[in-house]
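Source file coords.tsv; content: TSV, N, CA and C atoms.
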```tsv
chain	number	residue	atom	x	y	z
U	30	MET	N	-18.97	2.27	4.15
U	30	MET	CA	-18.60	0.87	4.17
U	30	MET	C	-19.81	0.04	4.61
U	31	GLN	N	-20.00	-1.07	3.97
U	31	GLN	CA	-21.10	-1.99	4.30
U	31	GLN	C	-20.85	-2.62	5.66
U	32	ALA	N	-21.87	-2.63	6.51
U	32	ALA	CA	-21.74	-3.18	7.87
U	32	ALA	C	-21.56	-4.70	7.85
U	33	LEU	N	-20.83	-5.19	8.82
U	33	LEU	CA	-20.67	-6.64	8.99
U	33	LEU	C	-22.01	-7.25	9.38
U	34	PRO	N	-22.20	-8.56	9.10
U	34	PRO	CA	-23.48	-9.20	9.41
U	34	PRO	C	-23.64	-9.60	10.88
U	35	PHE	N	-22.78	-9.09	11.76
U	35	PHE	CA	-22.83	-9.38	13.19
U	35	PHE	C	-22.08	-8.26	13.89
U	36	THR	N	-22.18	-8.19	15.20
U	36	THR	CA	-21.42	-7.18	15.94
U	36	THR	C	-20.10	-7.79	16.41
U	37	ILE	N	-19.09	-6.98	16.50
U	37	ILE	CA	-17.77	-7.44	16.93
U	37	ILE	C	-17.85	-8.00	18.36
U	38	ASP	N	-18.60	-7.34	19.24
U	38	ASP	CA	-18.72	-7.80	20.62
U	38	ASP	C	-19.33	-9.20	20.72
U	39	SER	N	-20.17	-9.57	19.75
U	39	SER	CA	-20.82	-10.88	19.79
U	39	SER	C	-19.83	-12.02	19.52
U	40	LEU	N	-18.64	-11.72	19.02
U	40	LEU	CA	-17.68	-12.77	18.68
U	40	LEU	C	-17.03	-13.44	19.89
U	41	TRP	N	-17.04	-12.79	21.03
U	41	TRP	CA	-16.30	-13.27	22.19
U	41	TRP	C	-16.94	-14.47	22.89
U	42	ASN	N	-18.20	-14.73	22.66
U	42	ASN	CA	-18.89	-15.79	23.39
U	42	ASN	C	-19.57	-16.79	22.47
U	43	LEU	N	-18.95	-17.10	21.35
U	43	LEU	CA	-19.56	-18.01	20.38
U	43	LEU	C	-19.32	-19.47	20.75
U	44	SER	N	-20.33	-20.29	20.56
U	44	SER	CA	-20.14	-21.74	20.66
U	44	SER	C	-19.42	-22.20	19.40
U	45	SER	N	-19.00	-23.45	19.37
U	45	SER	CA	-18.31	-23.99	18.19
U	45	SER	C	-19.19	-23.89	16.94
U	46	GLU	N	-20.46	-24.20	17.09
U	46	GLU	CA	-21.38	-24.13	15.95
U	46	GLU	C	-21.57	-22.68	15.50
U	47	GLN	N	-21.70	-21.79	16.47
U	47	GLN	CA	-21.87	-20.38	16.14
U	47	GLN	C	-20.61	-19.82	15.48
U	48	PHE	N	-19.45	-20.27	15.96
U	48	PHE	CA	-18.19	-19.82	15.35
U	48	PHE	C	-18.13	-20.21	13.89
U	49	GLN	N	-18.47	-21.45	13.59
U	49	GLN	CA	-18.41	-21.91	12.20
U	49	GLN	C	-19.39	-21.13	11.32
U	50	ALA	N	-20.59	-20.91	11.79
U	50	ALA	CA	-21.57	-20.15	11.02
U	50	ALA	C	-21.10	-18.71	10.82
U	51	THR	N	-20.51	-18.11	11.85
U	51	THR	CA	-20.03	-16.74	11.76
U	51	THR	C	-18.84	-16.64	10.82
U	52	ALA	N	-17.94	-17.62	10.87
U	52	ALA	CA	-16.79	-17.64	9.96
U	52	ALA	C	-17.25	-17.70	8.51
U	53	LEU	N	-18.29	-18.49	8.25
U	53	LEU	CA	-18.83	-18.57	6.89
U	53	LEU	C	-19.47	-17.24	6.48
U	54	GLN	N	-20.19	-16.61	7.41
U	54	GLN	CA	-20.78	-15.30	7.12
U	54	GLN	C	-19.70	-14.27	6.80
U	55	LEU	N	-18.64	-14.29	7.60
U	55	LEU	CA	-17.56	-13.33	7.40
U	55	LEU	C	-16.85	-13.57	6.07
U	56	ALA	N	-16.59	-14.82	5.72
U	56	ALA	CA	-15.95	-15.13	4.43
U	56	ALA	C	-16.82	-14.65	3.28
U	57	ALA	N	-18.13	-14.89	3.38
U	57	ALA	CA	-19.05	-14.43	2.34
U	57	ALA	C	-19.05	-12.91	2.25
U	58	TRP	N	-19.08	-12.24	3.42
U	58	TRP	CA	-19.06	-10.78	3.45
U	58	TRP	C	-17.77	-10.25	2.80
U	59	GLN	N	-16.63	-10.83	3.18
U	59	GLN	CA	-15.36	-10.38	2.62
U	59	GLN	C	-15.29	-10.62	1.11
U	60	SER	N	-15.86	-11.71	0.67
U	60	SER	CA	-15.81	-12.01	-0.76
U	60	SER	C	-16.69	-11.07	-1.57
U	61	GLN	N	-17.54	-10.34	-0.91
U	61	GLN	CA	-18.39	-9.35	-1.58
U	61	GLN	C	-17.86	-7.92	-1.41
U	62	HIS	N	-17.19	-7.62	-0.30
U	62	HIS	CA	-16.87	-6.24	0.05
U	62	HIS	C	-15.38	-5.90	0.12
U	63	VAL	N	-14.51	-6.88	-0.04
U	63	VAL	CA	-13.07	-6.63	-0.05
U	63	VAL	C	-12.58	-6.96	-1.47
U	64	PRO	N	-12.37	-5.93	-2.30
U	64	PRO	CA	-12.08	-6.18	-3.72
U	64	PRO	C	-10.94	-7.15	-4.00
U	65	THR	N	-9.85	-7.06	-3.26
U	65	THR	CA	-8.73	-7.97	-3.49
U	65	THR	C	-9.13	-9.41	-3.19
U	66	TYR	N	-9.83	-9.62	-2.09
U	66	TYR	CA	-10.28	-10.97	-1.74
U	66	TYR	C	-11.34	-11.47	-2.72
U	67	LYS	N	-12.24	-10.60	-3.12
U	67	LYS	CA	-13.29	-10.96	-4.08
U	67	LYS	C	-12.67	-11.49	-5.37
U	68	LYS	N	-11.69	-10.77	-5.88
U	68	LYS	CA	-11.03	-11.18	-7.12
U	68	LYS	C	-10.29	-12.50	-6.92
U	69	TRP	N	-9.61	-12.67	-5.79
U	69	TRP	CA	-8.88	-13.90	-5.49
U	69	TRP	C	-9.84	-15.09	-5.47
U	70	VAL	N	-10.97	-14.93	-4.83
U	70	VAL	CA	-11.95	-16.02	-4.76
U	70	VAL	C	-12.46	-16.35	-6.15
U	71	GLN	N	-12.77	-15.33	-6.93
U	71	GLN	CA	-13.27	-15.57	-8.29
U	71	GLN	C	-12.25	-16.30	-9.14
U	72	LEU	N	-10.98	-15.96	-9.00
U	72	LEU	CA	-9.93	-16.59	-9.81
U	72	LEU	C	-9.51	-17.96	-9.30
U	73	SER	N	-9.52	-18.14	-7.98
U	73	SER	CA	-9.01	-19.39	-7.41
U	73	SER	C	-10.08	-20.45	-7.22
U	74	SER	N	-11.32	-20.04	-7.08
U	74	SER	CA	-12.40	-20.99	-6.78
U	74	SER	C	-13.67	-20.65	-7.56
U	75	PRO	N	-13.58	-20.52	-8.87
U	75	PRO	CA	-14.78	-20.09	-9.61
U	75	PRO	C	-15.94	-21.07	-9.50
U	76	GLU	N	-15.63	-22.36	-9.34
U	76	GLU	CA	-16.69	-23.35	-9.23
U	76	GLU	C	-17.45	-23.26	-7.91
U	77	LYS	N	-16.81	-22.72	-6.89
U	77	LYS	CA	-17.43	-22.59	-5.58
U	77	LYS	C	-18.29	-21.34	-5.49
U	78	SER	N	-18.06	-20.41	-6.40
U	78	SER	CA	-18.72	-19.13	-6.35
U	78	SER	C	-18.44	-18.52	-4.98
U	79	MET	N	-19.45	-18.15	-4.25
U	79	MET	CA	-19.26	-17.57	-2.92
U	79	MET	C	-19.89	-18.45	-1.86
U	80	ASP	N	-20.09	-19.72	-2.18
U	80	ASP	CA	-20.72	-20.66	-1.25
U	80	ASP	C	-19.63	-21.54	-0.65
U	81	PHE	N	-19.20	-21.24	0.57
U	81	PHE	CA	-18.07	-21.92	1.19
U	81	PHE	C	-18.51	-22.95	2.23
U	82	ALA	N	-17.68	-23.96	2.39
U	82	ALA	CA	-17.74	-24.83	3.56
U	82	ALA	C	-16.65	-24.31	4.50
U	83	ILE	N	-16.74	-24.58	5.77
U	83	ILE	CA	-15.78	-24.04	6.73
U	83	ILE	C	-14.34	-24.44	6.37
U	84	THR	N	-14.15	-25.63	5.85
U	84	THR	CA	-12.79	-26.08	5.49
U	84	THR	C	-12.38	-25.60	4.11
U	85	GLY	N	-13.28	-24.97	3.39
U	85	GLY	CA	-12.98	-24.54	2.03
U	85	GLY	C	-12.87	-23.04	1.85
U	86	ILE	N	-12.82	-22.30	2.93
U	86	ILE	CA	-12.69	-20.85	2.81
U	86	ILE	C	-11.32	-20.55	2.20
U	87	PRO	N	-11.28	-19.88	1.06
U	87	PRO	CA	-9.99	-19.59	0.43
U	87	PRO	C	-9.18	-18.57	1.24
U	88	PHE	N	-7.94	-18.91	1.51
U	88	PHE	CA	-7.05	-18.00	2.22
U	88	PHE	C	-6.32	-17.13	1.22
U	89	LEU	N	-6.20	-15.86	1.52
U	89	LEU	CA	-5.49	-14.94	0.67
U	89	LEU	C	-3.99	-15.15	0.87
U	90	PRO	N	-3.24	-15.34	-0.20
U	90	PRO	CA	-1.78	-15.52	-0.04
U	90	PRO	C	-1.15	-14.33	0.67
U	91	ILE	N	-0.24	-14.60	1.57
U	91	ILE	CA	0.40	-13.54	2.36
U	91	ILE	C	1.11	-12.54	1.47
U	92	HIS	N	1.58	-12.99	0.32
U	92	HIS	CA	2.28	-12.09	-0.60
U	92	HIS	C	1.38	-10.93	-1.05
U	93	PHE	N	0.06	-11.15	-1.07
U	93	PHE	CA	-0.85	-10.09	-1.49
U	93	PHE	C	-0.76	-8.87	-0.58
U	94	PHE	N	-0.36	-9.07	0.66
U	94	PHE	CA	-0.25	-7.95	1.59
U	94	PHE	C	0.97	-7.08	1.25
U	95	LYS	N	1.83	-7.59	0.36
U	95	LYS	CA	2.95	-6.80	-0.14
U	95	LYS	C	2.59	-6.07	-1.43
U	96	THR	N	1.61	-6.59	-2.14
U	96	THR	CA	1.33	-6.08	-3.48
U	96	THR	C	-0.05	-5.45	-3.66
U	97	HIS	N	-0.94	-5.63	-2.69
U	97	HIS	CA	-2.31	-5.13	-2.81
U	97	HIS	C	-2.73	-4.45	-1.51
U	98	GLN	N	-3.68	-3.55	-1.63
U	98	GLN	CA	-4.28	-2.95	-0.44
U	98	GLN	C	-5.51	-3.80	-0.09
U	99	VAL	N	-5.42	-4.55	0.99
U	99	VAL	CA	-6.50	-5.45	1.40
U	99	VAL	C	-7.35	-4.71	2.43
U	100	LEU	N	-8.50	-4.23	1.97
U	100	LEU	CA	-9.37	-3.40	2.80
U	100	LEU	C	-10.75	-3.39	2.18
U	101	ALA	N	-11.78	-3.34	2.99
U	101	ALA	CA	-13.14	-3.31	2.49
U	101	ALA	C	-13.40	-2.02	1.70
U	102	GLU	N	-14.27	-2.13	0.72
U	102	GLU	CA	-14.66	-0.97	-0.09
U	102	GLU	C	-15.18	0.14	0.82
U	103	GLY	N	-14.72	1.34	0.58
U	103	GLY	CA	-15.22	2.49	1.31
U	103	GLY	C	-14.67	2.65	2.72
U	104	ALA	N	-13.83	1.72	3.17
U	104	ALA	CA	-13.28	1.81	4.52
U	104	ALA	C	-12.12	2.80	4.54
U	105	ALA	N	-12.08	3.63	5.55
U	105	ALA	CA	-10.97	4.55	5.74
U	105	ALA	C	-9.90	3.85	6.57
U	106	ILE	N	-8.67	4.07	6.22
U	106	ILE	CA	-7.56	3.45	6.96
U	106	ILE	C	-7.31	4.25	8.23
U	107	GLU	N	-7.49	3.58	9.37
U	107	GLU	CA	-7.19	4.23	10.65
U	107	GLU	C	-5.72	4.06	11.00
U	108	GLN	N	-5.17	2.90	10.65
U	108	GLN	CA	-3.77	2.60	10.96
U	108	GLN	C	-3.25	1.59	9.94
U	109	ALA	N	-2.01	1.71	9.56
U	109	ALA	CA	-1.37	0.73	8.69
U	109	ALA	C	-0.18	0.14	9.45
U	110	PHE	N	-0.16	-1.17	9.55
U	110	PHE	CA	0.96	-1.86	10.19
U	110	PHE	C	1.79	-2.48	9.07
U	111	GLN	N	3.09	-2.55	9.25
U	111	GLN	CA	3.92	-3.18	8.23
U	111	GLN	C	4.95	-4.10	8.86
U	112	SER	N	5.39	-5.06	8.04
U	112	SER	CA	6.41	-6.00	8.52
U	112	SER	C	7.74	-5.27	8.63
U	113	SER	N	8.68	-5.90	9.30
U	113	SER	CA	9.97	-5.25	9.54
U	113	SER	C	10.82	-5.17	8.28
U	114	GLY	N	10.55	-6.03	7.31
U	114	GLY	CA	11.32	-5.98	6.07
U	114	GLY	C	12.77	-6.39	6.25
U	115	THR	N	13.04	-7.28	7.19
U	115	THR	CA	14.42	-7.68	7.49
U	115	THR	C	15.08	-8.43	6.34
U	116	THR	N	14.30	-8.97	5.42
U	116	THR	CA	14.90	-9.71	4.29
U	116	THR	C	15.32	-8.77	3.17
U	117	GLY	N	15.05	-7.47	3.32
U	117	GLY	CA	15.38	-6.51	2.28
U	117	GLY	C	14.36	-6.50	1.16
U	118	ASP	N	13.31	-7.27	1.32
U	118	ASP	CA	12.25	-7.36	0.33
U	118	ASP	C	11.22	-6.26	0.58
U	119	VAL	N	10.24	-6.17	-0.27
U	119	VAL	CA	9.13	-5.25	-0.08
U	119	VAL	C	8.40	-5.65	1.20
U	120	VAL	N	8.06	-4.68	2.04
U	120	VAL	CA	7.36	-4.98	3.29
U	120	VAL	C	5.88	-5.24	3.02
U	121	SER	N	5.30	-6.10	3.85
U	121	SER	CA	3.86	-6.31	3.76
U	121	SER	C	3.18	-5.27	4.64
U	122	LYS	N	1.95	-4.91	4.24
U	122	LYS	CA	1.19	-3.92	5.00
U	122	LYS	C	-0.18	-4.47	5.32
U	123	HIS	N	-0.59	-4.21	6.54
U	123	HIS	CA	-1.93	-4.62	6.99
U	123	HIS	C	-2.67	-3.34	7.35
U	124	PHE	N	-3.70	-3.03	6.56
U	124	PHE	CA	-4.46	-1.81	6.76
U	124	PHE	C	-5.64	-2.11	7.68
U	125	VAL	N	-5.81	-1.29	8.71
U	125	VAL	CA	-6.86	-1.50	9.70
U	125	VAL	C	-7.81	-0.30	9.67
U	126	ALA	N	-9.09	-0.60	9.53
U	126	ALA	CA	-10.10	0.46	9.47
U	126	ALA	C	-10.64	0.81	10.86
U	127	ASP	N	-10.49	-0.10	11.82
U	127	ASP	CA	-11.03	0.15	13.15
U	127	ASP	C	-10.11	-0.46	14.20
U	128	LEU	N	-9.30	0.36	14.83
U	128	LEU	CA	-8.35	-0.12	15.83
U	128	LEU	C	-9.02	-0.70	17.07
U	129	SER	N	-10.27	-0.38	17.32
U	129	SER	CA	-10.94	-0.90	18.49
U	129	SER	C	-11.16	-2.41	18.38
U	130	ILE	N	-11.13	-2.92	17.17
U	130	ILE	CA	-11.30	-4.37	16.98
U	130	ILE	C	-9.99	-5.05	17.31
```
Would you mind writing the file's structure down as structure tokens?
Amino acid sequence: MQALPFTIDSLWNLSSEQFQATALQLAAWQSQHVPTYKKWVQLSSPEKSMDFAITGIPFLPIHFFKTHQVLAEGAAIEQAFQSSGTTGDVVSKHFVADLSI
């Protein structure tokens, strides 16, 4: 799996400006390394390409967590969490590659 452009520990002490820059880096990273998100960005915002403003980061519809495996390329699933499914519908799943995060 391709490494993130920052360390997870560095996220805890970000200034507002650093947070915005890091959020943009993370969105760009995800749009390159998470196939489901990459395709969503290409289909929903083709004019933006992968160049985001902080207010323009495309959010993945929650329904995709019911129908797609949202995980970075090459990442091994350490744990999968799922919704309770109380509506009798298909449950959503959140795949986590690193529980320490």
Problem set entry | Option closest in space to U:Lys95, from U:Ser121, U:Ser44, U:Gln31, U:Gln49 [counting only C-alpha atoms] |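 Closest residue, counting only C-alpha atoms: U:Ser121.
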Exercise. At what distance in Å, to one decimal, does atom C of U:Ala56 lie from atom CA of U:Thr84?
Worked result: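 Computed distance, atom CA of U:Thr84 to atom C of U:Ala56, equals 12.3 Å.
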Could you give me, as a PDB file with N, CA and C atoms, keeping the file's coordinate frame, the residues within 7 Å of U:Ala109, counting only C-alpha atoms and dropping anything in the same chain fewer than 4 positions from it?
```pdb
ATOM      1  N   LYS U 122       1.950  -4.910   4.240  1.00  0.00           N
ATOM      2  CA  LYS U 122       1.190  -3.920   5.000  1.00  0.00           C
ATOM      3  C   LYS U 122      -0.180  -4.470   5.320  1.00  0.00           C
ATOM      4  N   HIS U 123      -0.590  -4.210   6.540  1.00  0.00           N
ATOM      5  CA  HIS U 123      -1.930  -4.620   6.990  1.00  0.00           C
ATOM      6  C   HIS U 123      -2.670  -3.340   7.350  1.00  0.00           C
ATOM      7  N   PHE U 124      -3.700  -3.030   6.560  1.00  0.00           N
ATOM      8  CA  PHE U 124      -4.460  -1.810   6.760  1.00  0.00           C
ATOM      9  C   PHE U 124      -5.640  -2.110   7.680  1.00  0.00           C
ATOM     10  N   VAL U 125      -5.810  -1.290   8.710  1.00  0.00           N
ATOM     11  CA  VAL U 125      -6.860  -1.500   9.700  1.00  0.00           C
ATOM     12  C   VAL U 125      -7.810  -0.300   9.670  1.00  0.00           C
TER      13      VAL U 125
END
```
Exercise. Between atom CA of U:Ala126 and atom CA of U:Ile106, what is the distance, to one decimal in Å?
Worked result: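 One can read the atom CA of U:Ala126 to atom CA of U:Ile106 distance as 4.7 Å.
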Exercise. Rounded to one decimal in Å, what is the spacing between atom CA of U:Gln59 and atom CA of U:Leu43?
Worked result: 19.8 Å
Quick check for you: according to DSSP on this backbone, which residues of chain U are classed as strand (DSSP E)? Reply as an mmCIF file with N, CA and C atoms, in the frame of the given file.
```
data_model
loop_
_atom_site.group_PDB
_atom_site.id
_atom_site.type_symbol
_atom_site.label_atom_id
_atom_site.label_comp_id
_atom_site.auth_asym_id
_atom_site.auth_seq_id
_atom_site.Cartn_x
_atom_site.Cartn_y
_atom_site.Cartn_z
ATOM 1 N N GLN U 108 -5.170 2.900 10.650
ATOM 2 C CA GLN U 108 -3.770 2.600 10.960
ATOM 3 C C GLN U 108 -3.250 1.590 9.940
ATOM 4 N N ALA U 109 -2.010 1.710 9.560
ATOM 5 C CA ALA U 109 -1.370 0.730 8.690
ATOM 6 C C ALA U 109 -0.180 0.140 9.450
ATOM 7 N N PHE U 110 -0.160 -1.170 9.550
ATOM 8 C CA PHE U 110 0.960 -1.860 10.190
ATOM 9 C C PHE U 110 1.790 -2.480 9.070
ATOM 10 N N GLN U 111 3.090 -2.550 9.250
ATOM 11 C CA GLN U 111 3.920 -3.180 8.230
ATOM 12 C C GLN U 111 4.950 -4.100 8.860
ATOM 13 N N LYS U 122 1.950 -4.910 4.240
ATOM 14 C CA LYS U 122 1.190 -3.920 5.000
ATOM 15 C C LYS U 122 -0.180 -4.470 5.320
ATOM 16 N N HIS U 123 -0.590 -4.210 6.540
ATOM 17 C CA HIS U 123 -1.930 -4.620 6.990
ATOM 18 C C HIS U 123 -2.670 -3.340 7.350
ATOM 19 N N PHE U 124 -3.700 -3.030 6.560
ATOM 20 C CA PHE U 124 -4.460 -1.810 6.760
ATOM 21 C C PHE U 124 -5.640 -2.110 7.680
ATOM 22 N N VAL U 125 -5.810 -1.290 8.710
ATOM 23 C CA VAL U 125 -6.860 -1.500 9.700
ATOM 24 C C VAL U 125 -7.810 -0.300 9.670
#
```
For this session: For U:Phe88, work out the shell of residues within 8 Å, counting all atoms listed in the file and skipping chain neighbours fewer than 2 positions away, then give it as a ChimeraX atom specification.
Result: /U:66,69-70,85-86,90-91
For this session: Enumerate, as JSON, numbers by chain, the complete set of residues in chain U that a backbone-based DSSP assignment places in helix (DSSP H, G or I).
Result: {"U": [37, 38, 39, 40, 41, 42, 45, 46, 47, 48, 49, 50, 51, 52, 53, 54, 55, 56, 57, 58, 59, 60, 61, 62, 64, 65, 66, 67, 68, 69, 70, 71, 72, 73, 83, 84, 85, 93, 94, 95, 96]}
